[in-house]
Amino acid sequence: MARPREFDESAAVDSAMHAFWEHGYEATSTQDLCEATGLGRSSVYNTFTSKKALFERSLTHYTDSQLTARQALLEGPGTAAERLTALFTTTIDAELERNRRGCLVVNTLAELGMPDDGIGAALRSDTERNLAMLGQCAREGVLDGSLRPGRDPADVAQFVLNTVTGLKVMSRRGTSREAMYAVADLALSALVA
């Protein structure tokens with residue numbers, strides 16, 4: 001009879017996520033994962049089968065939590081312009097509070113590109129879900145009068161997502177809070193009615 005697992009698998013995935021986020025996929029060793037999760041090497045491999053499989057789970061865990069938070073902002077109260085302002089503000093503040101680690105998605109894209117595997121599938125899914133939420137917010141902004149009419153919501157969604165991505169890259173390279181807010185203000189001025 002097999003022994004039952006004596007650890008919280010979701011906590012192990014969360015701990016591994018932070019290790020990958022800190023060091024990147026390639027630079028995170030199996031030993032780093034053992035130390036982060038508190039698991040032995042055999043437990044890591046018996047539970048998750050490989051470093052890559054654990055990374056895929058970690059990336060999905062990250063994107064799900066980020067999308068949940070972003071959805072709360074984008075579907076929350078206020079005009080679409082107010083919600084987008086909150087998105088930019090929250091992005092900048094979170095980056096500075098997290099010691100400028102950037103975004104696990106952006107860091108992964110920079111490190112690995114868009115591979116044709118489970119990692120790439122997780123990245124594509126994250127992009128599609130973000131664009132859908134941002135596109136809906138843009139449509140609502142035209143209806144509530146807070147965003148400029150005549151712009152394709154899909155184009156607005158791409159612009160906002162790329163601005164958020166750019167803010168995270170700016171954070172990684174040590175750009176000042178003031179410069180990051182200036183970029184957010186410029187982006188909003190292109191969108192707000």
# chains A, B, ... in the order shown; residues from 1 in each chain; ligands from 1
>>> residues_around(residues="Arg129 in chain A", least_positions_apart="6", cutoff="12 Å", atoms="only C-alpha atoms", output="ChimeraX atom specification")
/A:63-64,66-68,70-71,122-123,135-136,157-158,161
>>> closest_residue(among="A:Asp93, A:Thr108, A:Arg124, A:Ala80", to="Pro153 in chain A", atoms="only C-alpha atoms")
A:Ala80
>>> atom_distance(atom1="CA of Glu75 in chain A", atom2="CA of Leu134 in chain A")
9.7 Å
>>> atom_distance(atom1="CA of Thr127 in chain A", atom2="CA of Leu186 in chain A")
22.9 Å
>>> residues_around(residues="Ala182 in chain A", least_positions_apart="5", cutoff="12 Å", atoms="only C-alpha atoms", output="VMD selection string")
chain A and resid 88 to 89 92 163 167 170 175 to 177 187 to 189
>>> closest_atom_pairs(of="range 75-173 of chain A", to="range 13-21 of chain A", cutoff="8 Å", atoms="only C-alpha atoms", output="JSON lines")
{"residue": "A:Arg101", "atom": "CA", "partner": "A:Trp21", "partner_atom": "CA", "distance": 7.2}
{"residue": "A:Cys103", "atom": "CA", "partner": "A:Trp21", "partner_atom": "CA", "distance": 7.6}
{"residue": "A:Leu104", "atom": "CA", "partner": "A:Trp21", "partner_atom": "CA", "distance": 5.4}
{"residue": "A:Asn107", "atom": "CA", "partner": "A:Trp21", "partner_atom": "CA", "distance": 7.8}
>>> closest_residue(among="A:Leu87, A:Leu131, A:Cys137, A:Ile119", to="Lys51 in chain A", atoms="only C-alpha atoms")
A:Ile119
>>> residues_around(residues="Pro149 in chain A", least_positions_apart="5", cutoff="10 Å", atoms="only C-alpha atoms", output="list in words")
Ala138, Arg139, Gly141, Val142, Leu143, Leu191, Val192 and Ala193 of chain A
>>> atom_distance(atom1="CA of Thr49 in chain A", atom2="CA of Gln31 in chain A")
15.0 Å
